Every structure is written in structure tokens, then in C-alpha cells.
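Only one structure is covered here, and it is reproduced in the block below.
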Amino acid sequence: MSKKLQSIINARGPIRNIGVVGMGYVGIPAAVLFADAPEFESVIGFQRDSPSSGYKIGMLNRGESPLKGEEPGLEDLLGKVVGAGKFRCTSDFSEVAACDAVTLAIQTPFLDPKDLIPDFSALTEGLRAVGRHLSEGTLVVLESTVTPGTTERMAREILEDESGLVAGEDFALAHAPERVMVGRLLKNIREHDRIVGGIDDISTARAVELYRPVLTTGTIIPMSATAAEVTKTAENAFRDLQIAAANQLALHCEAMGVNVYDVRAGIDSLKGEGITRAILWPGAGVGGHCLTKDSWHLERGAQVLGGDLWYPHGEESIFGVARKINEFMPRHMVHLTVEGLGRAGKSPEGANVALLGWAFIQNSDDTRNTPAEPYLAAMEEAGATVRVHDPFVDNYLGIEVSHDLDATLAGADVVVIFTGHHHYASLDPVRVKELSGREHPVIVDGRNVVDPDAFIRAGFIYKGIGRGDKNSHLIRR
Ligand code: SAJ
């Protein structure tokens, strides 16, 4: 407990001016909620003026959100805090000097999961930019999900190196991981409990002061910085594991000729007395920026911090196995597609595939690490032509994404559902068959969105993840 840091912070007084580095899905909602809190006077959003994301600065200063997709309440709140002069965005990092607290919400992807090498280049750049202008008594908070040990080690070293100040003596440092999901960013920040972990008690207390005003039903859960890093990476690794278990069960159910959704409902019915058999949903794969990498951060943490993980050498950890199962699901979708085409006497070579849903999650425009991408690549490699439809997503990295469902379905030998957008629940089998113009078009449902019997009655060849009860149905002639 550094008396020096405590006295510097006491002299500085309550947190009034805040900086938020990284105007993305995490930084923007966090910044407007800080700005909307009466406790705080001003919030500056820091964004690199780069060719790919510099446009956000102008939009935000006009009170417009650069985040596409539906984000309830965000545009209004942004307009309000910009209008009130409590929030503005800049690429001038020298303004960090006037901030009492600075948070960093920057992507932390993995370069190479196999060797557990993360890509901290963007985070390092952000930390260096903050360090260069850091003033005594400032609180720095990492909101990005990082390998356990990063706050205490890499972040501390970079900030000290750039500022010449000492963490825990001259400035406070903490980790407070984001827990947001697209489509409910503001709600998640306000209502989810907030894990807050300082490198020391003073840093934890200062971080609690920062986050408490933006919480409504959520409460603060204080712990050490490293425990906070493990909590975040582990909660996503556990979710990935639960999804992998559901996917593995789905594969078993296909082999056993039963409906995984009946089984899931059965397992899920065991409740009460503190019993929760939280079984998640099988599907076409796991995408997004979080579950696809956080297990690797956790794994790397055990290496970086532990070194002596007492576990059979060379044996893969359960989190690694789970990643492999979830990464396998798009390939299983290819398998179901080829099997379905086979039943129609066709092969992928020359087949027309209508791929419905490019976003990684339903009713969103977020395409990060979408499971549809490896599927598209494999089908094209097999000689098929794949047309993509998604109501929320515009063109993606050279892949044409259509908003015209009929045009996408026209002439399709196969219709494959990758994302559970609400639009697809009302697909009319008779209309879809008409558009395909095929006698026995194939439908592959990766999210259990459609009614298999309705499509089978219309003459489709049906395939579904976990639908062992339907995947070998008699073809209606
Ligand atoms: N998925 C399934 N089956 C399920 C749930 C999800 O196949 O039962 C798939 C989804 O289709 C999607 C992927 O997994 O492709 C991820 O979905 P998600 O619902 O986990 O969405 P994320 O990744 O945006 O959100 C997760 C959440 N983590 C936890 O619930 C532990 C969220 O709370 C985190 O804030 C977020 O990661 C993050 O930013 O870390």
C-alpha cells in the first residue's frame, strides 16, 4: 500500500476527466456512459486517425455512432452527451495528460493459437501513446481481454518505460474486463457485475470509483488484476467449452438417429435445488472476437505465470479440445452439404449454394471470425458457387453479401443456414423450392431455425446439426 500514491490521488481529488482509448464496440458505449454520469465532467474518446478507422472521429463528434447494427439507446445517448459538451473524440493523445483516468479497449487477437502467440501490437501502441502523456496520479485501466499477467507485467513495463513514472507509486493501474455483447452494449455495461482488479488496493479502489457511477443493477466485484484477467478469460473459455459439449452431443445424436434438441430440452429440465444443467446450443460454429481466442489467452496465462502446469505433458487441455470441436463445426456443415447433394445425385462440383447468414451471431452485423467463412472457402474449393445473403451485413472483404433473399435463393441446389437471424424462421419451403427450380433442393440447417417436416413435405432433402431423427428421411417424390 503506497502512501505516496494515496497522497498523490488525495491531492488530485475525485475522478472528473476520463479518457477512453479505442472507439469500438467496447470503447464507445463505455465513453458515453461515463459522459452521462453526473459524477464526471468530461470524457475524451481517443482514436487513431488511421485510413481504416479515422472516419469515426468526425462521426462521433457529430453525435453519430459508427457502430452498425441495432444498439438500443446508443445513438440517443451519444447525441445527448455530445450536445452537452461532455464527450468528444480526438486523435491527439497529448490530451491524456489532463485525464484523471484512462481506459484502453483495444482488440487483442491471437496471431498463432498453436504456439499461443497473441497479437498485442495494437494494445502496445495504445499503451505507449498513453504512457507518453501520463501524469502523476492517473488511473490506467485495461478493459481488453488479455493473457493473465499482462496488466502486472507488459502493461506496467510499457507505461513505466514511456512515462518514467512507477506503477503503484506514481500512478494507479487496473484491469476491468469488458463483458459486452453486440446488440445490448449499454445494457450489459449497466447491468452486468463489473470485475475490477488493481495491481494494488489503491488502484482497485480508484477503479471502483470509476465504474460504480455507470452501473445500475450491476455490482462491483473487486479482486487482484491477475484474478480479474483469469476470470474474464475463463468465463469465455467455459462458455466455449459448454458450446463444444453441446456440439459434441449433436454429432453423437446424428450418429444415434435422435434429435439433439429433444435431448437438450430433457437435460435442461433438471432444475431446482441449486441444480443447473446449463446446456447451451449446438450449431454451425463459434465466431466473434471473444470465444475464438480467450481460451488461448487462458492457456498462455498458465504458461506465462505458472510455468509448471501439473498436467500430463503433451495432453491437450480441455479448453484446447473444446476450441477444436467448435472449429470443426463449419467442416461438419460441409459434410452435411455434400451428403445432402449426394442424396440428390449431385456433387459439390458445379453446385449452386445459397448461404444464409454471414454475421457470427443472430440479428447483428458483426462478422468477426464468422464460422461461415471457412465453409464458403471449402465449398468453393470443392467447385461450388456460393452466394451469400445477410440482412444486416454489407459486402465483406471482397465477398459479395446480398440483401436480396429471392435473388440469393434463385437456382440454388443447396440452401445452408449459418446464422439464426429472425428473417430465416419464416422461410416458406414452397416458395424457396420455386426459386431454386430444383426437384429436390437440399437444405442444411446449422441453427435449427426451420421446421424439417415442412421442408421434407415440399420435396427438400433436409440436413440439420444434431437432427439424427431427420437426416436420413425418406425423400418425398
Ligand atoms: N454460440 C453457439 N451456441 C450457444 C451460444 C453461442 O453456437 O449456445 C455461438 C454463437 O452463434 C456465436 C458464438 O458462439 O457464433 C459466440 O456467441 P456468444 O453468445 O458467446 O457471443 P459473444 O462472443 O459476443 O459474447 C461472449 C459473452 N461471454 C459470455 O457469456 C461468457 C459475452 O458476455 C462477452 O462479453 C463477450 O463474449 C466478450 O466480449 O468477451
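Going through the C-alpha cells in order, the chains are called A, B, and so on, while each chain numbers its residues from 1 and the ligands are numbered from 1 in the order shown.
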
- Query: Looking only at the backbone, which of the residues in segment 283-475 of chain A does DSSP tag as strand (DSSP E or B), as JSON, numbers by chain?
  - Reply: {"A": [352, 353, 354, 355, 356, 385, 386, 387, 388, 389, 396, 399, 401, 402, 414, 415, 416, 417, 442, 443, 444, 445, 461, 462, 463, 464, 467]}

Keeping only C-alpha atoms, write the selected residues to a file as a JSON list (two decimals), in the first residue's frame.
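The resulting file, result-v2.json, is reproduced below:
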```json
[["chain", "number", "residue", "atom", "x", "y", "z"],
["A", 352, "ASN", "CA", -25.13, -23.52, -56.51],
["A", 353, "VAL", "CA", -25.13, -22.86, -52.77],
["A", 354, "ALA", "CA", -27.26, -20.15, -51.13],
["A", 355, "LEU", "CA", -25.55, -19.31, -47.82],
["A", 356, "LEU", "CA", -27.92, -17.56, -45.42],
["A", 385, "THR", "CA", -20.64, -21.45, -56.46],
["A", 386, "VAL", "CA", -21.67, -19.83, -53.17],
["A", 387, "ARG", "CA", -23.95, -16.80, -52.98],
["A", 388, "VAL", "CA", -24.21, -15.11, -49.58],
["A", 389, "HIS", "CA", -27.26, -13.39, -48.04],
["A", 396, "TYR", "CA", -17.32, -8.27, -46.61],
["A", 399, "ILE", "CA", -17.21, -11.32, -50.65],
["A", 401, "VAL", "CA", -23.19, -10.15, -49.38],
["A", 402, "SER", "CA", -26.71, -9.64, -50.76],
["A", 414, "VAL", "CA", -28.44, -26.13, -51.61],
["A", 415, "VAL", "CA", -29.73, -23.63, -49.05],
["A", 416, "VAL", "CA", -27.49, -23.53, -45.98],
["A", 417, "ILE", "CA", -28.36, -21.59, -42.82],
["A", 442, "VAL", "CA", -31.09, -29.54, -50.24],
["A", 443, "ILE", "CA", -31.49, -27.52, -47.05],
["A", 444, "VAL", "CA", -28.79, -27.63, -44.36],
["A", 445, "ASP", "CA", -29.88, -26.00, -41.11],
["A", 461, "ILE", "CA", -33.55, -33.13, -48.78],
["A", 462, "TYR", "CA", -33.08, -31.97, -45.20],
["A", 463, "LYS", "CA", -29.93, -31.99, -43.10],
["A", 464, "GLY", "CA", -29.60, -30.39, -39.67],
["A", 467, "ARG", "CA", -31.03, -33.85, -36.22]]
```

Could you list, as a JSON list (two decimals) with N, CA and C atoms, in the first residue's frame, every residue within 12 Å of Cys290 of chain A, counting only C-alpha atoms and ignoring same-chain residues fewer than 5 positions away?
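Below is the file selection_9.json, written as the result:
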```
[["chain", "number", "residue", "atom", "x", "y", "z"],
["A", 107, "GLN", "N", -8.51, -4.24, -29.46],
["A", 107, "GLN", "CA", -8.58, -5.67, -29.81],
["A", 107, "GLN", "C", -7.28, -6.41, -29.46],
["A", 108, "THR", "N", -7.42, -7.62, -28.98],
["A", 108, "THR", "CA", -6.24, -8.46, -28.61],
["A", 108, "THR", "C", -6.37, -9.84, -29.24],
["A", 109, "PRO", "N", -6.31, -9.88, -30.61],
["A", 109, "PRO", "CA", -6.48, -11.18, -31.27],
["A", 109, "PRO", "C", -5.27, -12.07, -31.04],
["A", 110, "PHE", "N", -5.36, -13.29, -31.53],
["A", 110, "PHE", "CA", -4.23, -14.21, -31.45],
["A", 110, "PHE", "C", -3.60, -14.33, -32.81],
["A", 144, "SER", "N", -9.55, -4.42, -22.35],
["A", 144, "SER", "CA", -9.38, -5.51, -23.31],
["A", 144, "SER", "C", -9.18, -6.83, -22.58],
["A", 145, "THR", "N", -9.61, -7.92, -23.19],
["A", 145, "THR", "CA", -9.33, -9.24, -22.63],
["A", 145, "THR", "C", -7.89, -9.60, -22.95],
["A", 146, "VAL", "N", -7.11, -9.93, -21.91],
["A", 146, "VAL", "CA", -5.67, -10.17, -22.10],
["A", 146, "VAL", "C", -5.23, -11.46, -21.41],
["A", 177, "PRO", "N", -12.23, -6.05, -17.08],
["A", 177, "PRO", "CA", -12.59, -6.58, -18.39],
["A", 177, "PRO", "C", -14.00, -6.25, -18.84],
["A", 178, "GLU", "N", -14.14, -5.96, -20.12],
["A", 178, "GLU", "CA", -15.48, -5.73, -20.69],
["A", 178, "GLU", "C", -16.24, -7.05, -20.73],
["A", 179, "ARG", "N", -17.57, -6.96, -20.64],
["A", 179, "ARG", "CA", -18.43, -8.15, -20.71],
["A", 179, "ARG", "C", -19.63, -7.86, -21.60],
["A", 180, "VAL", "N", -19.35, -7.19, -22.75],
["A", 180, "VAL", "CA", -20.47, -6.77, -23.58],
["A", 180, "VAL", "C", -20.75, -7.72, -24.73],
["A", 181, "MET", "N", -22.00, -7.69, -25.18],
["A", 181, "MET", "CA", -22.38, -8.43, -26.38],
["A", 181, "MET", "C", -23.04, -7.47, -27.34],
["A", 182, "VAL", "N", -22.73, -7.64, -28.64],
["A", 182, "VAL", "CA", -23.33, -6.75, -29.63],
["A", 182, "VAL", "C", -24.86, -6.85, -29.53],
["A", 232, "LYS", "N", -12.02, -13.29, -16.58],
["A", 232, "LYS", "CA", -12.56, -12.97, -17.91],
["A", 232, "LYS", "C", -12.23, -14.04, -18.93],
["A", 233, "THR", "N", -10.96, -14.45, -19.00],
["A", 233, "THR", "CA", -10.59, -15.46, -20.00],
["A", 233, "THR", "C", -11.28, -16.78, -19.68],
["A", 234, "ALA", "N", -11.43, -17.08, -18.38],
["A", 234, "ALA", "CA", -12.05, -18.35, -18.00],
["A", 234, "ALA", "C", -13.55, -18.36, -18.29],
["A", 235, "GLU", "N", -14.23, -17.24, -18.08],
["A", 235, "GLU", "CA", -15.69, -17.26, -18.32],
["A", 235, "GLU", "C", -15.98, -17.48, -19.79],
["A", 236, "ASN", "N", -15.13, -16.98, -20.66],
["A", 236, "ASN", "CA", -15.33, -17.25, -22.09],
["A", 236, "ASN", "C", -14.87, -18.64, -22.47],
["A", 237, "ALA", "N", -13.80, -19.11, -21.82],
["A", 237, "ALA", "CA", -13.35, -20.48, -22.11],
["A", 237, "ALA", "C", -14.41, -21.49, -21.65],
["A", 238, "PHE", "N", -15.05, -21.19, -20.52],
["A", 238, "PHE", "CA", -16.12, -22.09, -20.04],
["A", 238, "PHE", "C", -17.30, -22.07, -21.00],
["A", 239, "ARG", "N", -17.65, -20.90, -21.50],
["A", 239, "ARG", "CA", -18.78, -20.82, -22.44],
["A", 239, "ARG", "C", -18.45, -21.60, -23.70],
["A", 240, "ASP", "N", -17.22, -21.44, -24.18],
["A", 240, "ASP", "CA", -16.78, -22.16, -25.37],
["A", 240, "ASP", "C", -16.83, -23.67, -25.12],
["A", 295, "SER", "N", -9.76, -18.65, -24.79],
["A", 295, "SER", "CA", -9.21, -19.89, -24.21],
["A", 295, "SER", "C", -7.70, -19.91, -24.38],
["A", 296, "TRP", "N", -7.24, -19.36, -25.51],
["A", 296, "TRP", "CA", -5.80, -19.35, -25.75],
["A", 296, "TRP", "C", -5.11, -18.37, -24.81],
["A", 297, "HIS", "N", -5.79, -17.24, -24.49],
["A", 297, "HIS", "CA", -5.22, -16.32, -23.50],
["A", 297, "HIS", "C", -5.09, -17.03, -22.15],
["A", 298, "LEU", "N", -6.13, -17.79, -21.80],
["A", 298, "LEU", "CA", -6.09, -18.52, -20.52],
["A", 298, "LEU", "C", -4.95, -19.53, -20.53],
["A", 323, "ARG", "N", -11.98, -25.87, -28.29],
["A", 323, "ARG", "CA", -11.74, -25.00, -29.44],
["A", 323, "ARG", "C", -11.76, -25.81, -30.73],
["A", 360, "PHE", "N", -21.61, -13.43, -37.28],
["A", 360, "PHE", "CA", -21.27, -14.56, -36.41],
["A", 360, "PHE", "C", -22.36, -14.84, -35.40],
["A", 368, "ARG", "N", -17.03, -10.67, -37.21],
["A", 368, "ARG", "CA", -15.69, -11.08, -36.77],
["A", 368, "ARG", "C", -15.61, -12.59, -36.60],
["A", 369, "ASN", "N", -14.60, -13.20, -37.29],
["A", 369, "ASN", "CA", -14.38, -14.66, -37.21],
["A", 369, "ASN", "C", -15.63, -15.47, -37.47],
["A", 370, "THR", "N", -16.42, -15.03, -38.47],
["A", 370, "THR", "CA", -17.66, -15.77, -38.74],
["A", 370, "THR", "C", -17.38, -17.21, -39.16]]
```

- Nearest residue to Ser7 of chain A from the set A:Ala37, A:Ile267, A:Ile202, A:Val140 (distances using only C-alpha atoms):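 So, comparing all the options, the nearest one is A:Ile202.
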
Would you kindly return, as a compact mmCIF listing (two decimals) with C-alpha atoms, in the first residue's frame, each protein, DNA or RNA residue with an atom no farther than 10 Å from any atom of segment 211-220 of chain A, considering only C-alpha atoms and excluding same-chain residues fewer than 5 positions away?
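The new file result.txt reads:
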```txt
# COMPACT_ATOMS: atom_id res chain seq x y z
CA ALA A 30 -18.24 2.90 -22.17
CA VAL A 32 -20.93 7.71 -23.45
CA LEU A 33 -21.96 6.09 -20.15
CA PHE A 34 -19.05 7.78 -18.35
CA ALA A 35 -20.03 11.07 -20.01
CA ASP A 36 -23.67 10.63 -18.97
CA ALA A 37 -22.72 10.14 -15.30
CA PRO A 38 -23.15 13.37 -13.26
CA GLU A 39 -20.05 12.43 -11.23
CA PHE A 40 -17.81 13.05 -14.25
CA ALA A 176 -11.63 -4.24 -15.55
CA LEU A 186 -25.26 -0.24 -22.92
CA LYS A 187 -27.47 -2.74 -21.08
CA ASN A 188 -24.54 -5.11 -20.47
CA ILE A 189 -22.29 -2.37 -19.06
CA ARG A 190 -25.01 -1.07 -16.78
CA GLU A 191 -26.42 -4.40 -15.59
CA HIS A 192 -23.59 -6.95 -15.58
CA ASP A 193 -21.49 -7.12 -12.41
CA ARG A 194 -18.12 -5.47 -13.02
CA ILE A 195 -14.91 -7.33 -12.26
CA VAL A 196 -12.34 -4.76 -11.11
CA ARG A 206 -9.66 4.10 -7.69
```

- Message: Let me make sure I understand: among A:Glu143, A:Glu71, A:Asp201, A:Glu229, which one has the smallest atom-to-atom distance to Val102 of chain A if we use only C-alpha atoms?
- Response: A:Glu143

- Message: When you count only C-alpha atoms and all ligand atoms, which of these residues is closest to ligand 1: A:Lys271, A:Ala105, A:Asp453, A:Gly301?
- Response: A:Ala105

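Across A:Leu336, A:Leu139, A:Ile44, A:Leu67, the tightest approach to Asp92 of chain A is made by A:Ile44 when counting only C-alpha atoms.
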
- Calculate how many Å separate atom CA of Ser269 of chain A from atom CA of Gly466 of chain A, rounding to one decimal.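 Computed distance, atom CA of Ser269 of chain A to atom CA of Gly466 of chain A, equals 18.7 Å.
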
- Proximity to ligand 1 - best of A:Phe460, A:Phe455, A:Tyr375, A:Trp281, only C-alpha atoms and all ligand atoms: A:Trp281

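Among the candidates A:Ala351, A:Ile456, A:Ala382, A:Ile279, the one nearest to ligand 1 when counting only C-alpha atoms and all ligand atoms is A:Ile279.
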
- So which bits of segment 367-474 of chain A end up helix (DSSP H, G or I) when you DSSP the backbone, as a ChimeraX atom specification? /A:372-381,405-409,422-426,429-436,452-457

- Query: Leaving out Val338 of chain A and any residue of its chain fewer than 4 positions from it, which residues lie within 10 Å of it when counting only C-alpha atoms, given as a ChimeraX atom specification?
  - Reply: /A:332-334,342-344,346-349,379,382,414,442

- Message: Neighbouring residues of Met256 of chain A were defined as those with any atom within 10 Å, considering only C-alpha atoms; residues of the same chain fewer than 2 positions away were excluded. Please report them as a list in words.
- Response: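 The neighbour list is Ala250, Leu251, His252, Cys253, Glu254, Val258, Asn259, Val260, Gly466, Arg467, Gly468 and Asp469 of chain A.
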
Selection export as a short mmCIF file (atom, residue, chain, number, x, y, z; two decimals), in the first residue's frame, atoms kept: N, CA, C and O atoms:
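Wrote out.cif, looks like this:
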```cif
data_model
loop_
_atom_site.label_atom_id
_atom_site.label_comp_id
_atom_site.auth_asym_id
_atom_site.auth_seq_id
_atom_site.Cartn_x
_atom_site.Cartn_y
_atom_site.Cartn_z
N ALA A 250 -24.40 -33.12 -30.26
CA ALA A 250 -25.15 -33.07 -31.52
C ALA A 250 -24.60 -34.08 -32.52
O ALA A 250 -25.35 -34.79 -33.19
N LEU A 251 -23.27 -34.18 -32.58
CA LEU A 251 -22.65 -35.14 -33.50
C LEU A 251 -23.01 -36.56 -33.09
O LEU A 251 -23.35 -37.41 -33.93
N HIS A 252 -23.03 -36.80 -31.77
CA HIS A 252 -23.41 -38.15 -31.28
C HIS A 252 -24.88 -38.43 -31.61
O HIS A 252 -25.24 -39.53 -32.03
N CYS A 253 -25.72 -37.42 -31.46
CA CYS A 253 -27.16 -37.62 -31.73
C CYS A 253 -27.40 -37.92 -33.21
O CYS A 253 -28.24 -38.74 -33.56
N GLU A 254 -26.62 -37.27 -34.08
CA GLU A 254 -26.75 -37.57 -35.51
C GLU A 254 -26.42 -39.04 -35.75
O GLU A 254 -27.11 -39.74 -36.47
N VAL A 258 -31.09 -39.59 -33.24
CA VAL A 258 -32.05 -38.88 -32.38
C VAL A 258 -31.91 -37.37 -32.55
O VAL A 258 -30.92 -36.88 -33.14
N ASN A 259 -32.91 -36.63 -32.01
CA ASN A 259 -32.95 -35.17 -32.15
C ASN A 259 -32.27 -34.53 -30.94
O ASN A 259 -32.78 -34.59 -29.82
N VAL A 260 -31.12 -33.88 -31.15
CA VAL A 260 -30.38 -33.30 -30.03
C VAL A 260 -31.22 -32.28 -29.28
O VAL A 260 -31.04 -32.07 -28.07
N GLY A 466 -27.30 -32.03 -35.46
CA GLY A 466 -27.93 -32.69 -34.31
C GLY A 466 -29.28 -33.34 -34.61
O GLY A 466 -29.91 -33.90 -33.72
N ARG A 467 -29.71 -33.30 -35.87
CA ARG A 467 -31.03 -33.85 -36.22
C ARG A 467 -30.91 -35.26 -36.77
O ARG A 467 -31.29 -35.58 -37.91
N GLY A 468 -30.40 -36.16 -35.91
CA GLY A 468 -30.29 -37.56 -36.33
C GLY A 468 -31.65 -38.16 -36.63
O GLY A 468 -31.77 -39.15 -37.38
N ASP A 469 -32.69 -37.53 -36.07
CA ASP A 469 -34.05 -38.05 -36.27
C ASP A 469 -34.57 -37.75 -37.68
O ASP A 469 -35.51 -38.40 -38.13
#
```
